[in-house]
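Below is coords.tsv, holding TSV, C-alpha atoms.
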chain	number	residue	atom	x	y	z
H	923	MET	CA	0.00	0.00	0.00
H	924	GLU	CA	1.12	3.53	-0.79
H	925	ALA	CA	1.66	5.43	2.46
H	926	LEU	CA	-0.94	8.04	3.35
H	927	PRO	CA	0.14	11.56	2.31
H	928	GLU	CA	0.63	14.04	5.15
H	929	ALA	CA	-2.51	15.97	4.17
H	930	VAL	CA	-4.57	12.79	4.40
H	931	LYS	CA	-3.04	11.88	7.76
H	932	HIS	CA	-3.86	15.34	9.05
H	933	PHE	CA	-7.45	15.06	7.79
H	934	VAL	CA	-7.91	11.66	9.47
H	935	ARG	CA	-6.28	12.84	12.71
H	936	GLU	CA	-8.55	15.88	12.98
H	937	ALA	CA	-11.83	14.10	12.19
H	938	ARG	CA	-14.42	14.27	14.99
H	939	VAL	CA	-16.59	11.61	13.38
H	940	CYS	CA	-16.32	8.92	10.75
H	941	ARG	CA	-18.78	6.43	9.29
H	942	ILE	CA	-17.81	2.77	9.31
H	943	ALA	CA	-19.40	0.20	7.02
H	944	SER	CA	-19.37	-3.52	7.68
H	945	VAL	CA	-21.10	-6.60	6.30
H	946	ARG	CA	-23.54	-8.55	8.46
H	947	PRO	CA	-23.41	-12.37	8.54
H	948	GLY	CA	-26.33	-12.54	6.08
H	949	GLY	CA	-24.44	-10.30	3.65
H	950	GLU	CA	-26.37	-7.10	4.38
H	951	PRO	CA	-24.44	-3.83	4.58
H	952	HIS	CA	-24.38	-1.85	7.81
H	953	VAL	CA	-23.04	1.60	8.63
H	954	ILE	CA	-22.74	3.65	11.82
H	955	PRO	CA	-21.13	6.91	12.91
H	956	VAL	CA	-18.28	6.66	15.42
H	957	CYS	CA	-15.59	8.91	16.88
H	958	PRO	CA	-12.12	7.93	15.65
H	959	VAL	CA	-8.56	8.44	16.78
H	960	PHE	CA	-5.56	7.84	14.55
H	961	ASP	CA	-2.08	6.59	15.36
H	962	GLY	CA	-0.60	8.89	12.72
H	963	ASP	CA	0.53	6.02	10.50
H	964	SER	CA	-2.05	3.49	9.31
H	965	THR	CA	-4.30	2.48	12.20
H	966	VAL	CA	-7.58	4.05	13.28
H	967	TYR	CA	-9.09	3.19	16.66
H	968	VAL	CA	-12.78	3.30	17.52
H	969	ASP	CA	-14.72	2.07	20.51
H	970	ILE	CA	-18.08	0.42	19.82
H	971	GLY	CA	-20.75	-1.50	21.71
H	972	GLY	CA	-19.73	-5.15	21.88
H	973	ARG	CA	-23.26	-6.43	21.36
H	974	TYR	CA	-24.20	-4.09	18.54
H	975	THR	CA	-24.66	-4.99	14.91
H	976	THR	CA	-21.21	-3.79	13.83
H	977	ALA	CA	-19.49	-6.00	16.42
H	978	GLU	CA	-21.55	-8.99	15.27
H	979	ALA	CA	-20.67	-8.25	11.65
H	980	LEU	CA	-16.94	-8.02	12.33
H	981	ARG	CA	-16.85	-11.37	14.12
H	982	ASP	CA	-17.86	-12.88	10.79
H	983	ASP	CA	-15.83	-10.66	8.43
H	984	PRO	CA	-13.21	-8.24	9.76
H	985	ARG	CA	-13.22	-6.01	6.68
H	986	ILE	CA	-14.48	-2.53	7.34
H	987	ALA	CA	-14.70	0.63	5.24
H	988	VAL	CA	-13.98	3.85	7.10
H	989	LEU	CA	-15.31	7.02	5.51
H	990	ILE	CA	-14.13	10.39	6.75
H	991	ASP	CA	-15.73	13.16	4.76
H	992	GLU	CA	-16.86	16.74	5.03
H	993	TYR	CA	-19.94	17.92	3.20
H	994	ASP	CA	-20.19	21.48	1.93
H	995	ASP	CA	-22.96	23.00	-0.17
H	996	ASN	CA	-20.13	24.41	-2.27
H	997	TRP	CA	-19.33	21.18	-4.06
H	998	ALA	CA	-15.89	22.47	-5.04
H	999	ARG	CA	-15.06	22.02	-1.36
H	1000	LEU	CA	-16.19	18.42	-0.93
H	1001	LYS	CA	-13.49	16.29	0.60
H	1002	GLY	CA	-13.16	12.81	1.91
H	1003	VAL	CA	-10.97	9.84	2.64
H	1004	LEU	CA	-12.03	6.23	2.31
H	1005	LEU	CA	-9.92	3.75	4.25
H	1006	ARG	CA	-10.29	0.04	3.59
H	1007	CYS	CA	-9.34	-1.67	6.83
H	1008	ARG	CA	-9.17	-4.90	8.73
H	1009	ALA	CA	-10.56	-4.79	12.26
H	1010	GLU	CA	-8.99	-6.47	15.25
H	1011	GLU	CA	-9.77	-6.01	18.92
H	1012	ALA	CA	-7.16	-3.83	20.59
H	1013	THR	CA	-5.80	-5.35	23.80
H	1014	GLY	CA	-2.98	-4.85	26.29
H	1015	GLU	CA	-0.59	-1.99	25.61
H	1016	GLU	CA	-2.23	-1.18	22.28
H	1017	LEU	CA	-5.55	-0.71	24.07
H	1018	GLU	CA	-3.90	1.58	26.58
H	1019	ARG	CA	-2.27	3.67	23.85
H	1020	ALA	CA	-5.59	3.90	21.99
H	1021	TRP	CA	-7.41	5.04	25.12
H	1022	ALA	CA	-4.77	7.65	25.91
H	1023	MET	CA	-5.59	9.14	22.50
H	1024	ILE	CA	-9.35	8.73	22.95
H	1025	ARG	CA	-9.34	10.46	26.34
H	1026	GLU	CA	-7.34	13.37	25.00
H	1027	LYS	CA	-9.36	13.87	21.83
H	1028	PHE	CA	-12.82	13.14	23.23
H	1029	PRO	CA	-13.15	14.38	26.81
H	1030	GLN	CA	-16.87	13.71	26.30
H	1031	TYR	CA	-16.14	10.13	27.34
H	1032	LYS	CA	-15.34	11.28	30.86
H	1033	PRO	CA	-18.81	12.20	32.19
H	1034	ILE	CA	-20.30	9.08	30.64
H	1035	GLY	CA	-17.84	6.73	32.27
H	1036	TRP	CA	-14.59	6.21	30.25
H	1037	GLU	CA	-14.96	2.45	30.06
H	1038	PRO	CA	-13.58	0.74	26.96
H	1039	ARG	CA	-16.24	-1.45	25.43
H	1040	LEU	CA	-15.00	-3.15	22.25
H	1041	THR	CA	-12.07	-1.08	21.06
H	1042	LEU	CA	-11.16	-1.86	17.47
H	1043	ALA	CA	-7.80	-1.39	15.79
H	1044	LEU	CA	-8.62	-0.71	12.13
H	1045	SER	CA	-5.52	-1.36	10.00
H	1046	VAL	CA	-5.60	0.38	6.64
H	1047	TYR	CA	-4.76	-1.85	3.66
H	1048	ASP	CA	-6.04	0.44	0.90
H	1049	TRP	CA	-7.31	4.00	0.62
H	1050	ARG	CA	-8.42	6.77	-1.65
H	1051	GLN	CA	-9.15	10.46	-1.15
H	1052	TRP	CA	-10.81	13.38	-2.90
H	1053	GLY	CA	-10.32	17.07	-2.25
H	1054	VAL	CA	-7.88	16.56	0.62
H	1055	THR	CA	-4.41	16.65	-0.93
H	1056	ALA	CA	-5.32	19.23	-3.60
H	1057	PRO	CA	-5.02	22.90	-2.63
H	1058	PRO	CA	-8.37	24.54	-1.86
H	1059	ARG	CA	-10.20	25.78	-4.93
H	1060	TYR	CA	-11.10	29.07	-3.22
H	1061	GLU	CA	-8.60	30.66	-0.90
H	1062	THR	CA	-10.24	33.97	-0.22
H	1063	GLU	CA	-12.80	32.85	2.35
Z	983	MET	CA	-42.46	-2.19	8.41
Z	984	GLU	CA	-43.57	0.46	10.88
Z	985	ALA	CA	-44.10	3.75	9.03
Z	986	LEU	CA	-41.49	6.44	9.57
Z	987	PRO	CA	-42.56	8.95	12.24
Z	988	GLU	CA	-43.05	12.53	11.05
Z	989	ALA	CA	-39.91	13.71	12.84
Z	990	VAL	CA	-37.84	11.07	11.05
Z	991	LYS	CA	-39.38	11.97	7.69
Z	992	HIS	CA	-38.54	15.61	8.31
Z	993	PHE	CA	-34.95	14.72	9.26
Z	994	VAL	CA	-34.51	12.63	6.12
Z	995	ARG	CA	-36.12	15.27	3.90
Z	996	GLU	CA	-33.84	18.03	5.19
Z	997	ALA	CA	-30.57	16.09	4.97
Z	998	ARG	CA	-27.98	17.63	2.64
Z	999	VAL	CA	-25.82	14.51	2.69
Z	1000	CYS	CA	-26.10	10.86	3.61
Z	1001	ARG	CA	-23.64	7.98	3.60
Z	1002	ILE	CA	-24.63	4.83	1.76
Z	1003	ALA	CA	-23.05	1.45	2.42
Z	1004	SER	CA	-23.09	-1.44	-0.01
Z	1005	VAL	CA	-21.37	-4.79	-0.37
Z	1006	ARG	CA	-18.93	-5.41	-3.22
Z	1007	PRO	CA	-19.07	-8.66	-5.22
Z	1008	GLY	CA	-16.16	-10.05	-3.17
Z	1009	GLY	CA	-18.04	-9.36	0.05
Z	1010	GLU	CA	-16.12	-6.22	1.02
Z	1011	PRO	CA	-18.03	-3.29	2.51
Z	1012	HIS	CA	-18.07	0.06	0.70
Z	1013	VAL	CA	-19.40	3.46	1.74
Z	1014	ILE	CA	-19.70	6.83	0.01
Z	1015	PRO	CA	-21.30	10.20	0.72
Z	1016	VAL	CA	-24.14	11.27	-1.58
Z	1017	CYS	CA	-26.83	13.96	-1.69
Z	1018	PRO	CA	-30.31	12.48	-1.12
Z	1019	VAL	CA	-33.86	13.53	-1.85
Z	1020	PHE	CA	-36.86	11.89	-0.21
Z	1021	ASP	CA	-40.35	11.24	-1.54
Z	1022	GLY	CA	-41.83	11.89	1.91
Z	1023	ASP	CA	-42.96	8.30	2.39
Z	1024	SER	CA	-40.39	5.49	2.14
Z	1025	THR	CA	-38.15	6.06	-0.88
Z	1026	VAL	CA	-34.86	7.96	-1.02
Z	1027	TYR	CA	-33.34	8.92	-4.38
Z	1028	VAL	CA	-29.65	9.44	-5.07
Z	1029	ASP	CA	-27.72	9.87	-8.29
Z	1030	ILE	CA	-24.37	8.08	-8.50
Z	1031	GLY	CA	-21.71	7.37	-11.12
Z	1032	GLY	CA	-22.74	4.30	-13.09
Z	1033	ARG	CA	-19.21	2.92	-13.30
Z	1034	TYR	CA	-18.25	3.53	-9.70
Z	1035	THR	CA	-17.81	0.93	-7.00
Z	1036	THR	CA	-21.26	1.41	-5.47
Z	1037	ALA	CA	-22.98	0.82	-8.83
Z	1038	GLU	CA	-20.93	-2.33	-9.33
Z	1039	ALA	CA	-21.79	-3.52	-5.83
Z	1040	LEU	CA	-25.53	-2.98	-6.30
Z	1041	ARG	CA	-25.63	-4.97	-9.51
Z	1042	ASP	CA	-24.63	-7.96	-7.41
Z	1043	ASP	CA	-26.65	-7.21	-4.26
Z	1044	PRO	CA	-29.26	-4.43	-4.18
Z	1045	ARG	CA	-29.25	-4.07	-0.41
Z	1046	ILE	CA	-27.97	-0.73	0.78
Z	1047	ALA	CA	-27.74	0.94	4.18
Z	1048	VAL	CA	-28.46	4.67	4.20
Z	1049	LEU	CA	-27.12	6.60	7.17
Z	1050	ILE	CA	-28.30	10.14	7.79
Z	1051	ASP	CA	-26.68	11.52	10.90
Z	1052	GLU	CA	-25.55	14.75	12.49
Z	1053	TYR	CA	-22.46	14.84	14.65
Z	1054	ASP	CA	-22.21	17.27	17.54
Z	1055	ASP	CA	-19.44	17.51	20.12
Z	1056	ASN	CA	-22.27	17.69	22.63
Z	1057	TRP	CA	-23.07	14.00	22.55
Z	1058	ALA	CA	-26.50	14.62	24.05
Z	1059	ARG	CA	-27.34	16.11	20.65
Z	1060	LEU	CA	-26.21	13.20	18.49
Z	1061	LYS	CA	-28.92	12.14	16.09
Z	1062	GLY	CA	-29.25	9.79	13.21
Z	1063	VAL	CA	-31.46	7.60	11.09
Z	1064	LEU	CA	-30.41	4.30	9.55
Z	1065	LEU	CA	-32.52	3.16	6.62
Z	1066	ARG	CA	-32.16	-0.38	5.32
Z	1067	CYS	CA	-33.11	-0.23	1.66
Z	1068	ARG	CA	-33.30	-2.07	-1.60
Z	1069	ALA	CA	-31.90	-0.18	-4.60
Z	1070	GLU	CA	-33.46	-0.14	-8.04
Z	1071	GLU	CA	-32.69	2.11	-10.97
Z	1072	ALA	CA	-35.30	4.84	-11.33
Z	1073	THR	CA	-36.66	5.15	-14.86
Z	1074	GLY	CA	-39.49	6.85	-16.75
Z	1075	GLU	CA	-41.85	8.98	-14.70
Z	1076	GLU	CA	-40.22	8.00	-11.43
Z	1077	LEU	CA	-36.89	9.28	-12.75
Z	1078	GLU	CA	-38.54	12.56	-13.75
Z	1079	ARG	CA	-40.15	12.98	-10.33
Z	1080	ALA	CA	-36.84	12.22	-8.63
Z	1081	TRP	CA	-35.01	14.79	-10.76
Z	1082	ALA	CA	-37.64	17.45	-10.12
Z	1083	MET	CA	-36.81	17.01	-6.43
Z	1084	ILE	CA	-33.06	16.88	-7.02
Z	1085	ARG	CA	-33.05	20.10	-9.09
Z	1086	GLU	CA	-35.04	21.92	-6.46
Z	1087	LYS	CA	-33.03	20.75	-3.47
Z	1088	PHE	CA	-29.57	20.82	-5.05
Z	1089	PRO	CA	-29.24	23.70	-7.53
Z	1090	GLN	CA	-25.53	22.83	-7.43
Z	1091	TYR	CA	-26.27	20.27	-10.14
Z	1092	LYS	CA	-27.06	23.06	-12.61
Z	1093	PRO	CA	-23.58	24.51	-13.28
Z	1094	ILE	CA	-22.09	21.02	-13.49
Z	1095	GLY	CA	-24.59	19.81	-16.08
Z	1096	TRP	CA	-27.81	18.36	-14.57
Z	1097	GLU	CA	-27.46	15.01	-16.33
Z	1098	PRO	CA	-28.86	11.99	-14.54
Z	1099	ARG	CA	-26.19	9.31	-14.29
Z	1100	LEU	CA	-27.43	6.25	-12.41
Z	1101	THR	CA	-30.38	7.44	-10.33
Z	1102	LEU	CA	-31.29	4.96	-7.63
Z	1103	ALA	CA	-34.64	4.53	-5.93
Z	1104	LEU	CA	-33.83	3.26	-2.43
Z	1105	SER	CA	-36.93	1.65	-0.92
Z	1106	VAL	CA	-36.84	1.46	2.86
Z	1107	TYR	CA	-37.69	-1.96	4.31
Z	1108	ASP	CA	-36.42	-1.37	7.86
Z	1109	TRP	CA	-35.14	1.55	9.89
Z	1110	ARG	CA	-34.02	2.81	13.25
Z	1111	GLN	CA	-33.29	6.24	14.66
Z	1112	TRP	CA	-31.62	7.86	17.63
Z	1113	GLY	CA	-32.06	11.39	18.94
Z	1114	VAL	CA	-34.51	12.40	16.22
Z	1115	THR	CA	-37.96	11.73	17.62
Z	1116	ALA	CA	-37.02	12.55	21.23
Z	1117	PRO	CA	-37.19	16.19	22.29
Z	1118	PRO	CA	-33.77	17.86	22.49
Z	1119	ARG	CA	-31.96	17.27	25.77
Z	1120	TYR	CA	-30.95	20.93	26.08
Z	1121	GLU	CA	-33.31	23.59	24.89
Z	1122	THR	CA	-31.58	26.71	26.11
Z	1123	GLU	CA	-28.93	27.01	23.41
Here is the file; what I need is its structure written in the form of structure tokens.
Amino acid sequence: MEALPEAVKHFVREARVCRIASVRPGGEPHVIPVCPVFDGDSTVYVDIGGRYTTAEALRDDPRIAVLIDEYDDNWARLKGVLLRCRAEEATGEELERAWAMIREKFPQYKPIGWEPRLTLALSVYDWRQWGVTAPPRYETE
Amino acid sequence: MEALPEAVKHFVREARVCRIASVRPGGEPHVIPVCPVFDGDSTVYVDIGGRYTTAEALRDDPRIAVLIDEYDDNWARLKGVLLRCRAEEATGEELERAWAMIREKFPQYKPIGWEPRLTLALSVYDWRQWGVTAPPRYETE
């Protein structure tokens, strides 16, 4: 895989939300919004409910598509990154590193209890982007 | 299927963007952002590139998950609707009705050429929502 360009890494690192698509055991697509953190290289971490549909889907097929995009009514400004990933449960030191990032980026977790549920390490094996590495079309705003 | 509540219909109708997840012939999940219109009952229309990955996926399996959600750093305000749909190409009068809605809601199509590419009718067969039908947690802002 070609390494992620710096602009793409920055875009992924800054994202407050992403949408992750998985495939349910019966072959039906599923997609949910989640709050991601990024290790700065090629792994995204998200924490999800262990009994939810996405968790069930990933037990059967660990492939997951991670979409990070920003909509703008000015379509010249549309941008996004699609990361094709394999999901694995983060454990041990990796889980601790992931949660250090989660706590820093999303202090919202604090009042609702901090507890890791099912924390996934999503390893990127392919990607594409639009509008992220190119310079902005309009620079005056 | 239980009919969509009015608040959910309103949320879907107003959405400027949604994310649609499909399953590629090899079983891999895929997800893209698209601009939806809604017939007010149980069909969402989107126009996509006919040679893109989503179109290829739907030829093999017409099931598609449509996520319409709004992220807010105040997690008490998170809201979303997940629509499980079957995709069919819109043609004839249905295509014309869909494009009347698209032109009205997204005048952005005009300067880039208006042409329908592959216009999909996404018929909802199941759904769930969070944060949409409940009254807002905080009303003072």
Inset, instruction - Using all atoms listed in the file, select each residue of chain H with any atom at most 8 Å away from an atom of chain Z, and give the selection as a list in words. - result: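 Residues passing the distance filter: Arg938, Val939, Arg941, Ile942, Ala943, Ser944, Val945, Gly949, Glu950, Pro951, His952, Val953, Ile954, Pro955, Arg985, Ile986, Ala987, Val988, Leu989, Asp991, Tyr993, Asp995, Asn996, Trp997, Leu1004 and Gln1030 of chain H.
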Legend entry - Between CA of Val1026 (chain Z) and CA of Lys991 (chain Z) - distance in Å to one decimal: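 Between these atoms lies a distance of 10.6 Å.
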Least-squares align chain H to chain Z using all Cα atoms paired by position, then dump the moved coordinates as a compact mmCIF listing (two decimals) with C-alpha atoms, in the frame of the given file.
# COMPACT_ATOMS: atom_id res chain seq x y z
CA MET H 923 -42.45 -2.20 8.43
CA GLU H 924 -43.54 0.45 10.90
CA ALA H 925 -44.07 3.74 9.06
CA LEU H 926 -41.46 6.43 9.60
CA PRO H 927 -42.52 8.94 12.28
CA GLU H 928 -42.99 12.52 11.08
CA ALA H 929 -39.84 13.67 12.90
CA VAL H 930 -37.80 11.04 11.08
CA LYS H 931 -39.33 11.96 7.73
CA HIS H 932 -38.49 15.59 8.36
CA PHE H 933 -34.91 14.69 9.30
CA VAL H 934 -34.47 12.61 6.13
CA ARG H 935 -36.09 15.27 3.93
CA GLU H 936 -33.80 18.02 5.23
CA ALA H 937 -30.53 16.07 5.00
CA ARG H 938 -27.94 17.62 2.66
CA VAL H 939 -25.79 14.50 2.70
CA CYS H 940 -26.07 10.85 3.61
CA ARG H 941 -23.63 7.95 3.60
CA ILE H 942 -24.62 4.81 1.74
CA ALA H 943 -23.05 1.42 2.41
CA SER H 944 -23.10 -1.45 -0.04
CA VAL H 945 -21.39 -4.82 -0.41
CA ARG H 946 -18.96 -5.42 -3.27
CA PRO H 947 -19.11 -8.67 -5.27
CA GLY H 948 -16.19 -10.08 -3.24
CA GLY H 949 -18.07 -9.37 -0.01
CA GLU H 950 -16.12 -6.25 0.98
CA PRO H 951 -18.03 -3.31 2.46
CA HIS H 952 -18.08 0.03 0.68
CA VAL H 953 -19.40 3.43 1.72
CA ILE H 954 -19.68 6.81 0.00
CA PRO H 955 -21.28 10.18 0.72
CA VAL H 956 -24.13 11.25 -1.57
CA CYS H 957 -26.80 13.94 -1.68
CA PRO H 958 -30.28 12.49 -1.10
CA VAL H 959 -33.84 13.52 -1.81
CA PHE H 960 -36.84 11.89 -0.18
CA ASP H 961 -40.33 11.24 -1.50
CA GLY H 962 -41.79 11.90 1.95
CA ASP H 963 -42.94 8.31 2.41
CA SER H 964 -40.38 5.51 2.15
CA THR H 965 -38.13 6.09 -0.86
CA VAL H 966 -34.84 7.97 -1.01
CA TYR H 967 -33.34 8.93 -4.36
CA VAL H 968 -29.65 9.44 -5.06
CA ASP H 969 -27.72 9.88 -8.27
CA ILE H 970 -24.37 8.09 -8.52
CA GLY H 971 -21.71 7.38 -11.13
CA GLY H 972 -22.75 4.32 -13.12
CA ARG H 973 -19.23 2.93 -13.33
CA TYR H 974 -18.27 3.52 -9.71
CA THR H 975 -17.82 0.91 -7.04
CA THR H 976 -21.26 1.41 -5.49
CA ALA H 977 -22.99 0.83 -8.83
CA GLU H 978 -20.95 -2.35 -9.36
CA ALA H 979 -21.83 -3.53 -5.86
CA LEU H 980 -25.56 -2.97 -6.32
CA ARG H 981 -25.67 -4.96 -9.56
CA ASP H 982 -24.66 -7.95 -7.45
CA ASP H 983 -26.68 -7.22 -4.29
CA PRO H 984 -29.29 -4.44 -4.20
CA ARG H 985 -29.26 -4.08 -0.42
CA ILE H 986 -27.98 -0.75 0.77
CA ALA H 987 -27.74 0.92 4.18
CA VAL H 988 -28.44 4.64 4.20
CA LEU H 989 -27.09 6.56 7.17
CA ILE H 990 -28.25 10.10 7.81
CA ASP H 991 -26.64 11.48 10.92
CA GLU H 992 -25.48 14.70 12.50
CA TYR H 993 -22.40 14.78 14.66
CA ASP H 994 -22.13 17.20 17.56
CA ASP H 995 -19.35 17.44 20.13
CA ASN H 996 -22.17 17.61 22.66
CA TRP H 997 -22.99 13.92 22.58
CA ALA H 998 -26.42 14.56 24.09
CA ARG H 999 -27.25 16.03 20.69
CA LEU H 1000 -26.14 13.14 18.49
CA LYS H 1001 -28.86 12.09 16.10
CA GLY H 1002 -29.21 9.75 13.21
CA VAL H 1003 -31.42 7.57 11.09
CA LEU H 1004 -30.38 4.28 9.55
CA LEU H 1005 -32.50 3.13 6.63
CA ARG H 1006 -32.16 -0.40 5.32
CA CYS H 1007 -33.12 -0.24 1.66
CA ARG H 1008 -33.31 -2.06 -1.61
CA ALA H 1009 -31.92 -0.19 -4.61
CA GLU H 1010 -33.50 -0.12 -8.03
CA GLU H 1011 -32.71 2.13 -10.97
CA ALA H 1012 -35.31 4.87 -11.30
CA THR H 1013 -36.68 5.19 -14.83
CA GLY H 1014 -39.50 6.89 -16.72
CA GLU H 1015 -41.87 9.03 -14.68
CA GLU H 1016 -40.22 8.04 -11.40
CA LEU H 1017 -36.90 9.33 -12.72
CA GLU H 1018 -38.54 12.58 -13.72
CA ARG H 1019 -40.16 13.01 -10.30
CA ALA H 1020 -36.83 12.26 -8.59
CA TRP H 1021 -35.01 14.81 -10.72
CA ALA H 1022 -37.63 17.48 -10.07
CA MET H 1023 -36.80 17.03 -6.38
CA ILE H 1024 -33.05 16.89 -6.99
CA ARG H 1025 -33.04 20.09 -9.04
CA GLU H 1026 -35.03 21.94 -6.40
CA LYS H 1027 -33.00 20.76 -3.42
CA PHE H 1028 -29.55 20.82 -5.01
CA PRO H 1029 -29.21 23.69 -7.47
CA GLN H 1030 -25.50 22.84 -7.38
CA TYR H 1031 -26.25 20.28 -10.09
CA LYS H 1032 -27.04 23.06 -12.54
CA PRO H 1033 -23.57 24.50 -13.24
CA ILE H 1034 -22.09 21.02 -13.48
CA GLY H 1035 -24.57 19.83 -16.07
CA TRP H 1036 -27.82 18.38 -14.58
CA GLU H 1037 -27.47 15.04 -16.32
CA PRO H 1038 -28.86 12.00 -14.50
CA ARG H 1039 -26.22 9.32 -14.30
CA LEU H 1040 -27.47 6.26 -12.41
CA THR H 1041 -30.38 7.45 -10.33
CA LEU H 1042 -31.30 4.97 -7.62
CA ALA H 1043 -34.66 4.54 -5.92
CA LEU H 1044 -33.83 3.28 -2.42
CA SER H 1045 -36.93 1.65 -0.91
CA VAL H 1046 -36.84 1.46 2.87
CA TYR H 1047 -37.70 -1.97 4.32
CA ASP H 1048 -36.40 -1.40 7.85
CA TRP H 1049 -35.11 1.53 9.89
CA ARG H 1050 -33.98 2.76 13.25
CA GLN H 1051 -33.23 6.20 14.68
CA TRP H 1052 -31.55 7.82 17.66
CA GLY H 1053 -32.02 11.34 18.97
CA VAL H 1054 -34.47 12.36 16.24
CA THR H 1055 -37.93 11.67 17.63
CA ALA H 1056 -37.01 12.54 21.24
CA PRO H 1057 -37.29 16.20 22.26
CA PRO H 1058 -33.93 17.99 22.41
CA ARG H 1059 -32.09 17.50 25.68
CA TYR H 1060 -31.17 21.19 25.87
CA GLU H 1061 -33.66 23.75 24.68
CA THR H 1062 -32.00 26.94 25.76
CA GLU H 1063 -29.45 27.26 22.97
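Interatomic distance, CA of Glu1010 (chain H) to CA of Ala1043 (chain H): 5.2 Å.
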Inset, instruction - Grab the CA of Pro987 (chain Z) to CA of Ile970 (chain H) distance for me, in Å with one decimal place. - result: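 CA of Ile970 (chain H) lies 27.0 Å from CA of Pro987 (chain Z).
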Inset, instruction - Give me the residues within 12 Å of Asp961 (chain H) as number ranges by chain, counting all atoms listed in the file and dropping any in the same chain fewer than 4 places off. - result: H: 931-932, 934-936, 965-968, 1016-1017, 1019-1024, 1043-1046
Inset, instruction - Could you pull out every residue with an atom within 7 Å of (-43.0, 7.4, 4.3), file coordinates, counting only C-alpha atoms, and send them as a ChimeraX atom specification? - result: /Z:985-986,991,1022-1024
Legend entry - Residue neighbourhood Phe993 (chain Z), 8 Å, only C-alpha atoms, exclusion window fewer than 4 positions, as a PyMOL selection string: chain Z and resi 989+997+1114
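Residue nearest Pro1098 (chain Z), chosen from Z:Glu1071, Z:Asp1029, Z:Thr1035, Z:Pro1007 and counting only C-alpha atoms: Z:Asp1029.
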